[in-house]
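Asks: Okay, handing you the structure first.
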Amino acid sequence: MKITIAILAVLLLITVIYAIYIYFKRQEYTRERFAFAALTSLSSMTMLVLSCIKSNLMPWNFGLELFNKVTGENIVVHEVTWTDYGLLIIVYFVGVQAILSLYKNWDGLKSYEQYQREQRNQPSGIISEGVNEIRRMAKKEPPPAAFSPLSVRNFFELEPVTDSLAWKDQARELLRLSSSSYVFPKVGWHDNVGYWIGKNVDNNSDVYLYPSHSDISDKELNEFIEYTSHLKAVENVQTEYIIALHCDVPSRTIKYKGKNIRVESESSLLSDLVNFTDYKNHITQRVTIDNLPDSDFKLIDVYVPARFVSTQDIIEVNNKSLQDIEQLLQDWLGDIGGRQLALLGEYGQGKSTATLMFTYHQLKDSSAKRLPLLIELRGTSPRNLTPLQLLGAWASQYNLNPQALMKLHIAGKLLLIFEGFDEMALVGDAEMRLKHFRTLWDFCYPKAKILITGRPNFFLDEDEMKTALGIAQATSDRPHCEALRLLPFSLTEIEKSLRNHKSNVRNQICQLVKHNQRFKELVSRPSLLHIVSTLWESERLFEKVESLNSAFVMDLFIRHSYRRQGLKENDSRDFMALNSSEREYFMCGIAAYMAANDLPNQIHSNQLNTLIDNLIQCIPDSISANTSAITGEVRAPLKQRIEDSEYGIDHVKTDVRACGILVDDPSTPGMFKFGHKSFMEYLLASVVAEKILDRNSPKANAIFKATEVKIEDAVKLPVSVEFLSEILNDKMQSPKGTAESLKIIAINVLNSFLSDNKIKRLLGKVILFEEAYYFILKIKFSPFKRHLLSYLSPVKLFMITFVVFIIYTQKSSAVAQESSIITRVLSSTSMVFSTAFLIAMFGRTFPSSFMKKRLILWLRLCTALNIDCAVLHKILFTYYVPWANSTPLKITVIQDAD
């Protein structure tokens with residue numbers, strides 16, 4: 001046994017030295033290599049400790065014996081006592097904690113695989129990474145590729161973009177883009193006389209293009225004609241003469257020595273580049289022809305320009321005279337300088353409507369100097385595109401030439417509106433989000449005007465927002481961005497928006513706004529005002545004012561849409577329409593799928609078809625029967641109806657696409673979206689709420705199975721958390737009073753995150769307490785104190801006591817000499833598993849990332865419900881940790897990254 005301990009001690013020494021070497025060279029090695037070194041060290045240490053305990057020989061005693069043999073000394077080696085066992089265990093766990101802490105806080109070279117796992121929020125542990133590294137080394141595969149992070153602060157200041165083309169090249173490009181008939185080879189430039197020779201392929205004539213910065217003189221004109229006439233005499237071909245002037249002069253045709261010479265300016269060439277008719281007609285249709293959801297009104301019938309405030313002046317909003325956003329944008333277009341704008345607002349505040357209406361008004365204004373391009377960012381990934389590619393993806397739907405658009409933009413003839421940055425694809429971390437914005441700011445030419453819109457909660461914090469949007473102090477020679485925030489509607493704006501509604505609807509809503517602050521906060525969002533006014537009489541909302549909140553209104557509106565679509569079934573009996581309950585099931589499933597897969601309110605038709613197949617396979621019969629017989633809707637199980645119909649599945653897919661609240665996305669062919677992102681956010685909240693309230697809900701379980709969505713996915717969408725808190729507050733209200741009601745909600749929601757099984761629930765609460773303990777450590781203390789206090793976790797102290805008890809039991813004479821073999825095996829197994837669990841608790845290497853997300857979701861729900869911090873600490877049992885029960889969880893939780 002002593003030989004075994006000696007071998008293990010030497011092995012431990014070698015592996016520890018190797019691990020230390022890798023750590024100090026961490027800028028050259030990835031975390032996978034350190035995981036290999038650390039795993040071998042932990043294995044050697046564990047085997048050495050177990051061997052020492054089994055043989056009653058401590059490492060230091062063994063060292064003394066070896067010293068006596070080598071030196072001939074006779075130092076007394078004392079018998080092993082429980083003090084030695086305690087010291088061995090403490091040294092062991094300190095060593096384990098140190099190694100796991102270095103692994104977890106790895107700040108060395110990062111592999112691309114590690115970066116990808118972090119982006120996908122996939123848990124990684126020292127065991128899995130160490131084993132994979134052993135496998136890689138055994139196969140002699142190359143080391144994992146290193147990831148090169150991009151510095152966030154490189155984006156703080158916007159860089160001006162310049163056009164590298166000289167006027168001679170720009171003139172050729174503008175003429176070529178104005179008509180496909182003109183072809184100019186790159187070798188067609190004659191430097192000695194300063195003009196281009198090209199071809200007009202329509203009539204096979206030569207084209208002579210003379211670019212000039214100022215109006216051409218008679219001498220230059222004479223030299224131009226004489227030289228080209230000489231070429232014409234030799235080649236005997238037809239000719240076309242064009243003079244392109246960089247200055248702003250009227251286009252005209254002049255005669256000189258019998259030649260017709262066309263004179264064009266930069267402005268005239270630009271004006272002929274693009275035919276915007278289809279684009280203008282589409283914008284006009286959206287504003288004046290298309291009905292608003294479930295309404296006979298058009299957007300132009302209810303639109304009111306919203307007021308705004310600059311983020312720098314937001315504190316002084318009550319003391320400022322505020323203008324509407326359209327007036328500000330109009331004034332801004334006339335500014336000279338590099339100021340760009342970012343229009344921010346919460347959900348439903350009218351960002352998209354404001355930009356659409358401003359675009360419409362600009363297109364109708366014949367005197368407008370800039371033509372606005374409304375480019376929706378939904379589902380795009382700008383970081384993977386060049387500016388020309390991004391412009392081309394948008395221009396393809398209107399059959400426009402992106403190169404011509406870029407020329408117009410560089411010349412200062414366009415206003416680029418990038419709408420909805422919060423709906424871009426692949427926005428997993430700050431670095432990725434900033435790469436998106438870098439592409440958008442690559443459009444920042446000297447004459448550019450750029451407007452970007454989106455939700456401010458897209459960013460983790462104020463610093464990231466300033467970095468991404470380029471918000472900085474104005475300077476004379478650099479572009480910069482100013483952020484504006486839309487304000488809620490005032491009573492005056494609410495009245496104007498309801499101008500075309502029935503007088504009794506308008507008067508009743510406005511009277512309630514004057515006397516009910518809670519109702520005013522609800523309808524001050526234009527999107528919710530539209531819903532409330534639409535349902536005011538049909539749903540008798542004037543009788544339900546006290547129960548109205550955002551989630552309640554959204555639910556009424558969506559169900560109203562389902563019912564309206566269901567009534568259409570009576571007009572088409574041959575079409576196997578879904579009933580309202582089934583339609584709700586599919587819409588909720590689509591929203592859950594979007595959240596689970598980080599889709600920005602956009603789903604491709606192929607994904608949609610596959611998802612519908614999965615939802616059909618999982619749909620329970622009870623959903624089909626969950627509709628009133630009074631409505632006349634079909635109640636037979638959907639699967640049965642599909643089997644009885646020749647084209648059953650195709651009919652279901654058509655119904656989901658056409659008869660729910662999905663709409664096609666004109667910005668991206670083949671894609672579908674919800675009419676408003678808040679619909680998707682509410683539907684996700686409703687599914688999660690149903691799962692929380694009833695673990696056995698057939699509908700929620702079917703959706704969770706078909707889409708693989710998780711409760712903690714709601715953390716990704718802050719608006720969904722708001723909706724979720726309102727739904728839970730409505731459905732879990734207790735009659736004991738507000739404070740007691742909220743406490744009951746908090747406890748019930750937390751229990752629903754765990755399990756119905758008492759043992760699993762107890763284990764879940766232990767893990768949750770441990771997560772909360774570390775969470776508070778991260779908030780409250782410096783890294784040194786945090787590291788020190790991590791050893792004092794109540795769970796760890798309990799497990800150490802338990803392991804010591806197991807060791808004591810095993811080492812007692814009763815167990816060692818008189819107990820049966822089975823008892824000894826069970827005792828040894830208990831010690832091994834207890835030790836392994838304690839190692840996991842020390843390093844938190846077990847897969848508890850989902851519990852951390854659920855803790856954050858739970859705390860955010862409690863924050864939205866205004867539950868007192870003392871209540872939260874009592875529920876989490878952190879109330880009994882003296883320095884933890886004073887931590888304001890409701891405030892600090894927002895600082896924790898997802």
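Letters for chains follow the order of the structure tokens (A, B, ...), residue numbers begin at 1 for each chain, and ligand numbers begin at 1 in the order shown.
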Can you tell me, as JSON, numbers by chain, what residues are no more than 12 Å from stretch 264-266 of chain A when counting only C-alpha atoms, ignoring any on the same chain fewer than 3 positions away?

Replies: {"A": [167, 168, 170, 171, 172, 173, 174, 175, 178, 209, 210, 211, 212, 213, 214, 215, 216, 241, 242, 243, 244, 245, 246, 247, 248, 249, 250, 251, 252, 253, 254, 261, 269, 270, 271, 272, 273, 407, 408, 410, 411, 412, 413]}

Asks: List as a PDB file with N, CA and C atoms, in the first residue's frame the protein and nucleic acid residues near stretch 394-400 of chain A, meaning an atom at most 7 Å away when only C-alpha atoms are counted, but skip any in the same chain fewer than 3 places from it.

Replies:
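The result, stored in part22.pdb:
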ATOM      1  N   VAL A 274     -32.841  55.233 -60.764  1.00  0.00           N
ATOM      2  CA  VAL A 274     -33.723  54.236 -60.159  1.00  0.00           C
ATOM      3  C   VAL A 274     -35.180  54.636 -60.354  1.00  0.00           C
ATOM      4  N   ASP A 278     -42.608  51.088 -57.703  1.00  0.00           N
ATOM      5  CA  ASP A 278     -43.119  49.943 -56.932  1.00  0.00           C
ATOM      6  C   ASP A 278     -42.957  50.177 -55.431  1.00  0.00           C
ATOM      7  N   TYR A 279     -41.820  50.735 -55.053  1.00  0.00           N
ATOM      8  CA  TYR A 279     -41.579  51.006 -53.635  1.00  0.00           C
ATOM      9  C   TYR A 279     -42.571  52.034 -53.104  1.00  0.00           C
ATOM     10  N   ILE A 375     -35.896  50.258 -44.434  1.00  0.00           N
ATOM     11  CA  ILE A 375     -35.265  48.935 -44.486  1.00  0.00           C
ATOM     12  C   ILE A 375     -35.515  48.231 -43.161  1.00  0.00           C
ATOM     13  N   LEU A 390     -26.358  44.139 -47.973  1.00  0.00           N
ATOM     14  CA  LEU A 390     -27.526  44.455 -47.152  1.00  0.00           C
ATOM     15  C   LEU A 390     -28.521  45.285 -47.948  1.00  0.00           C
ATOM     16  N   LEU A 391     -28.027  46.261 -48.697  1.00  0.00           N
ATOM     17  CA  LEU A 391     -28.892  47.082 -49.531  1.00  0.00           C
ATOM     18  C   LEU A 391     -29.521  46.240 -50.640  1.00  0.00           C
ATOM     19  N   SER A 667     -40.602  41.995 -46.366  1.00  0.00           N
ATOM     20  CA  SER A 667     -39.181  42.344 -46.423  1.00  0.00           C
ATOM     21  C   SER A 667     -38.307  41.154 -46.782  1.00  0.00           C
TER      22      SER A 667
END

Asks: Write out as a VMD selection string the set of residues from stretch 511-713 of chain A that DSSP, computed on the backbone, places in helix (DSSP H, G or I).

Replies: chain A and resid 511 to 515 517 to 523 526 to 535 541 to 543 545 to 547 550 to 571 580 to 596 605 to 618 621 to 625 629 to 631 638 to 644 648 to 659 677 to 693 698 to 707 711 to 713

Asks: Quick one: DSSP strand (DSSP E) residues in stretch 136-356 of chain A, as a PyMOL selection string?

Replies: chain A and resi 182-183+189-190+195-200+205-212+239-245+252-256+259-265+308-310+339-344

Asks: Mind checking which residues fall within 12 Å of A:Leu487, counting only C-alpha atoms, ignoring those fewer than 3 positions away in the same chain, and posting them as an MDAnalysis selection string?

Replies: chainID A and resid 305:311 314 317:318 322:325 343:351 484 490 493 521 524:526

Asks: What would the file look like if the residues just selected were written as a compact mmCIF listing (two decimals), in the first residue's frame with N, CA and C atoms?

Replies:
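Output (out18.txt):
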# COMPACT_ATOMS: atom_id res chain seq x y z
N PRO A 305 -48.65 61.96 -34.83
CA PRO A 305 -47.20 62.03 -34.58
C PRO A 305 -46.90 62.03 -33.08
N ALA A 306 -46.01 61.17 -32.67
CA ALA A 306 -45.66 61.06 -31.25
C ALA A 306 -44.65 62.12 -30.86
N ARG A 307 -44.65 62.46 -29.58
CA ARG A 307 -43.63 63.35 -29.05
C ARG A 307 -42.41 62.53 -28.64
N PHE A 308 -41.32 63.22 -28.45
CA PHE A 308 -40.08 62.53 -28.12
C PHE A 308 -39.27 63.39 -27.17
N VAL A 309 -38.21 62.79 -26.66
CA VAL A 309 -37.25 63.54 -25.85
C VAL A 309 -35.88 62.93 -26.10
N SER A 310 -34.88 63.77 -26.16
CA SER A 310 -33.52 63.28 -26.31
C SER A 310 -33.11 62.58 -25.02
N THR A 311 -32.33 61.52 -25.14
CA THR A 311 -31.89 60.78 -23.94
C THR A 311 -31.06 61.66 -23.02
N ILE A 314 -33.75 63.62 -20.92
CA ILE A 314 -34.92 62.86 -20.47
C ILE A 314 -35.34 63.24 -19.05
N VAL A 317 -37.83 66.25 -19.01
CA VAL A 317 -38.96 66.14 -19.92
C VAL A 317 -40.16 66.96 -19.47
N ASN A 318 -40.39 67.05 -18.18
CA ASN A 318 -41.56 67.80 -17.70
C ASN A 318 -41.40 69.30 -17.86
N LEU A 322 -42.16 70.04 -25.98
CA LEU A 322 -41.80 68.92 -26.83
C LEU A 322 -42.45 69.04 -28.21
N GLN A 323 -41.67 68.81 -29.26
CA GLN A 323 -42.21 68.79 -30.60
C GLN A 323 -42.45 67.35 -31.02
N ASP A 324 -43.22 67.16 -32.11
CA ASP A 324 -43.47 65.80 -32.54
C ASP A 324 -42.29 65.29 -33.36
N ILE A 325 -42.22 63.97 -33.49
CA ILE A 325 -41.05 63.33 -34.08
C ILE A 325 -40.90 63.67 -35.56
N LEU A 343 -33.90 56.20 -32.92
CA LEU A 343 -35.22 56.39 -32.34
C LEU A 343 -35.55 55.17 -31.48
N LEU A 344 -35.67 55.37 -30.17
CA LEU A 344 -35.86 54.29 -29.22
C LEU A 344 -37.26 54.36 -28.62
N GLY A 345 -37.78 53.22 -28.24
CA GLY A 345 -39.09 53.17 -27.60
C GLY A 345 -39.42 51.76 -27.16
N GLU A 346 -40.25 51.65 -26.13
CA GLU A 346 -40.68 50.34 -25.65
C GLU A 346 -41.70 49.75 -26.63
N TYR A 347 -42.13 48.52 -26.34
CA TYR A 347 -43.06 47.88 -27.26
C TYR A 347 -44.36 48.68 -27.36
N GLY A 348 -44.88 48.75 -28.56
CA GLY A 348 -46.19 49.39 -28.78
C GLY A 348 -46.19 50.89 -28.72
N GLN A 349 -45.03 51.54 -28.66
CA GLN A 349 -45.00 52.99 -28.57
C GLN A 349 -44.99 53.70 -29.91
N GLY A 350 -44.96 52.93 -31.00
CA GLY A 350 -45.14 53.54 -32.31
C GLY A 350 -43.88 53.85 -33.08
N LYS A 351 -42.78 53.13 -32.81
CA LYS A 351 -41.54 53.37 -33.57
C LYS A 351 -41.73 53.04 -35.05
N LEU A 484 -33.02 59.36 -29.41
CA LEU A 484 -34.30 59.96 -29.05
C LEU A 484 -35.22 58.88 -28.52
N SER A 490 -50.21 61.49 -24.77
CA SER A 490 -50.95 62.33 -23.81
C SER A 490 -52.44 62.24 -24.13
N GLU A 493 -53.22 63.56 -27.60
CA GLU A 493 -52.86 62.63 -28.68
C GLU A 493 -53.82 61.46 -28.73
N GLU A 521 -52.11 54.80 -18.34
CA GLU A 521 -50.82 54.16 -18.63
C GLU A 521 -50.98 53.04 -19.65
N SER A 524 -51.83 54.65 -23.24
CA SER A 524 -50.86 55.62 -23.74
C SER A 524 -49.90 54.98 -24.74
N ARG A 525 -49.92 53.66 -24.85
CA ARG A 525 -49.19 52.98 -25.92
C ARG A 525 -50.12 52.92 -27.14
N PRO A 526 -49.73 53.47 -28.28
CA PRO A 526 -50.62 53.50 -29.44
C PRO A 526 -51.15 52.13 -29.85

Asks: Excluding stretch 110-115 of chain A and residues on its chain fewer than 6 positions from it, collect all residues at most 7 Å away from it, counting only C-alpha atoms, and give them as a ChimeraX atom specification.

Replies: /A:30-31,144-147

Asks: Do you know which residues are at most 12 Å from A:His651 counting only C-alpha atoms, after dropping those on the same chain fewer than 3 positions away, and could you put them as JSON, numbers by chain?

Replies: {"A": [574, 575, 576, 577, 578, 609, 612, 638, 641, 642, 643, 645, 646, 647, 648, 654, 655, 656, 657, 658, 659]}

Asks: Include C-alpha atoms and write out the residues we just selected as a short mmCIF file (atom, residue, chain, number, x, y, z; two decimals), in the first residue's frame.

Replies:
data_model
loop_
_atom_site.label_atom_id
_atom_site.label_comp_id
_atom_site.auth_asym_id
_atom_site.auth_seq_id
_atom_site.Cartn_x
_atom_site.Cartn_y
_atom_site.Cartn_z
CA ASP A 574 -65.22 22.40 -48.08
CA PHE A 575 -62.19 23.91 -46.40
CA MET A 576 -61.20 22.03 -43.23
CA ALA A 577 -60.54 25.10 -41.08
CA LEU A 578 -59.16 24.82 -37.56
CA ASN A 609 -44.07 23.44 -42.18
CA ILE A 612 -46.75 22.33 -37.90
CA LEU A 638 -57.90 17.19 -35.43
CA ARG A 641 -60.21 15.00 -39.36
CA ILE A 642 -56.81 14.89 -41.04
CA GLU A 643 -57.11 11.16 -41.63
CA SER A 645 -59.50 14.33 -45.49
CA GLU A 646 -57.48 13.74 -48.64
CA TYR A 647 -55.46 16.91 -48.16
CA GLY A 648 -55.80 17.21 -44.39
CA THR A 654 -52.83 26.69 -45.14
CA ASP A 655 -55.11 27.56 -42.22
CA VAL A 656 -52.17 28.26 -39.91
CA ARG A 657 -50.56 30.55 -42.48
CA ALA A 658 -53.69 32.36 -43.61
CA CYS A 659 -56.26 32.29 -40.83
#

Asks: Quick one: distance from atom CA of A:Ala636 to atom CA of A:Ser581 in Å, one decimal?

Replies: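 Interatomic distance here is 11.9 Å.
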
Asks: Rank A:Ile225, A:Ala870, A:Leu615, A:Leu777 by their smallest atom-to-atom distance to A:Ser790, using only C-alpha atoms, and report the top residue only.

Replies: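 Under the stated criterion, the closest residue is A:Leu777.
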
Asks: Find the spatial neighbours of stretch 447-450 of chain A, counting only C-alpha atoms, within a cut-off of 8 Å - ignore same-chain residues fewer than 3 positions away - and output them as a PDB file with N, CA and C atoms, in the first residue's frame.

Replies:
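Writing the result to out01.pdb gives the following:
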ATOM      1  N   LEU A 333     -33.192  66.616 -41.534  1.00  0.00           N
ATOM      2  CA  LEU A 333     -32.772  66.376 -42.915  1.00  0.00           C
ATOM      3  C   LEU A 333     -32.105  67.601 -43.532  1.00  0.00           C
ATOM      4  N   GLY A 337     -23.894  68.250 -41.498  1.00  0.00           N
ATOM      5  CA  GLY A 337     -23.037  67.685 -40.464  1.00  0.00           C
ATOM      6  C   GLY A 337     -23.221  66.182 -40.377  1.00  0.00           C
ATOM      7  N   GLY A 338     -22.519  65.590 -39.429  1.00  0.00           N
ATOM      8  CA  GLY A 338     -22.510  64.133 -39.333  1.00  0.00           C
ATOM      9  C   GLY A 338     -23.431  63.573 -38.275  1.00  0.00           C
ATOM     10  N   ARG A 339     -24.471  64.336 -37.860  1.00  0.00           N
ATOM     11  CA  ARG A 339     -25.369  63.830 -36.820  1.00  0.00           C
ATOM     12  C   ARG A 339     -26.336  62.804 -37.398  1.00  0.00           C
ATOM     13  N   GLN A 340     -26.324  61.595 -36.846  1.00  0.00           N
ATOM     14  CA  GLN A 340     -27.293  60.555 -37.176  1.00  0.00           C
ATOM     15  C   GLN A 340     -28.235  60.381 -35.988  1.00  0.00           C
ATOM     16  N   LEU A 341     -29.352  59.679 -36.201  1.00  0.00           N
ATOM     17  CA  LEU A 341     -30.359  59.567 -35.149  1.00  0.00           C
ATOM     18  C   LEU A 341     -30.698  58.109 -34.862  1.00  0.00           C
ATOM     19  N   HIS A 409     -27.080  57.138 -52.325  1.00  0.00           N
ATOM     20  CA  HIS A 409     -26.802  57.333 -50.901  1.00  0.00           C
ATOM     21  C   HIS A 409     -25.514  58.131 -50.701  1.00  0.00           C
ATOM     22  N   ILE A 410     -24.479  57.772 -51.432  1.00  0.00           N
ATOM     23  CA  ILE A 410     -23.200  58.472 -51.296  1.00  0.00           C
ATOM     24  C   ILE A 410     -23.350  59.938 -51.687  1.00  0.00           C
ATOM     25  N   ALA A 411     -24.217  60.194 -52.686  1.00  0.00           N
ATOM     26  CA  ALA A 411     -24.419  61.571 -53.157  1.00  0.00           C
ATOM     27  C   ALA A 411     -25.329  62.374 -52.236  1.00  0.00           C
ATOM     28  N   GLY A 412     -25.868  61.750 -51.182  1.00  0.00           N
ATOM     29  CA  GLY A 412     -26.719  62.480 -50.247  1.00  0.00           C
ATOM     30  C   GLY A 412     -28.148  62.641 -50.722  1.00  0.00           C
ATOM     31  N   LEU A 414     -30.480  60.099 -50.376  1.00  0.00           N
ATOM     32  CA  LEU A 414     -31.335  59.140 -49.677  1.00  0.00           C
ATOM     33  C   LEU A 414     -31.298  59.379 -48.172  1.00  0.00           C
ATOM     34  N   LEU A 415     -32.352  58.930 -47.511  1.00  0.00           N
ATOM     35  CA  LEU A 415     -32.390  58.778 -46.055  1.00  0.00           C
ATOM     36  C   LEU A 415     -32.550  57.295 -45.780  1.00  0.00           C
ATOM     37  N   LEU A 416     -31.575  56.677 -45.139  1.00  0.00           N
ATOM     38  CA  LEU A 416     -31.651  55.255 -44.814  1.00  0.00           C
ATOM     39  C   LEU A 416     -32.283  55.094 -43.435  1.00  0.00           C
ATOM     40  N   ILE A 417     -33.398  54.358 -43.378  1.00  0.00           N
ATOM     41  CA  ILE A 417     -34.081  54.082 -42.113  1.00  0.00           C
ATOM     42  C   ILE A 417     -33.946  52.592 -41.829  1.00  0.00           C
ATOM     43  N   PHE A 418     -33.137  52.238 -40.854  1.00  0.00           N
ATOM     44  CA  PHE A 418     -32.979  50.843 -40.443  1.00  0.00           C
ATOM     45  C   PHE A 418     -33.938  50.599 -39.285  1.00  0.00           C
ATOM     46  N   PHE A 443     -22.427  52.552 -43.571  1.00  0.00           N
ATOM     47  CA  PHE A 443     -23.158  53.417 -44.502  1.00  0.00           C
ATOM     48  C   PHE A 443     -22.906  54.899 -44.217  1.00  0.00           C
ATOM     49  N   CYS A 444     -22.092  55.190 -43.217  1.00  0.00           N
ATOM     50  CA  CYS A 444     -21.963  56.566 -42.737  1.00  0.00           C
ATOM     51  C   CYS A 444     -21.005  57.384 -43.608  1.00  0.00           C
TER      52      CYS A 444
END

Asks: Neighbouring residues of A:Tyr29 were defined as those with any atom within 10 Å, considering only C-alpha atoms; residues of the same chain fewer than 2 positions away were excluded. Please report them as a PyMOL selection string.

Replies: chain A and resi 22-27+31-34+108-111+143-144+146

Asks: Residues of stretch 366-485 of chain A that approach stretch 594-605 of chain A to 7 Å or less, counting only C-alpha atoms: could you list each one with the shortest pair of atoms and its distance in Å to one decimal, rows by chain and increasing residue number, as a Markdown table?

Replies:
| residue | atom | partner | partner_atom | distance |
| --- | --- | --- | --- | --- |
| A:Arg378 | CA | A:Pro600 | CA | 6.5 |
| A:Gly379 | CA | A:Pro600 | CA | 5.9 |
| A:Glu423 | CA | A:Pro600 | CA | 4.7 |
| A:Met424 | CA | A:Pro600 | CA | 6.3 |
| A:Ala425 | CA | A:Pro600 | CA | 6.2 |

Asks: Using Å and a single decimal, report how far atom CA of A:Met671 sits from atom CA of A:Asn606.

Replies: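 Atom CA of A:Asn606 sits 9.0 Å away from atom CA of A:Met671.
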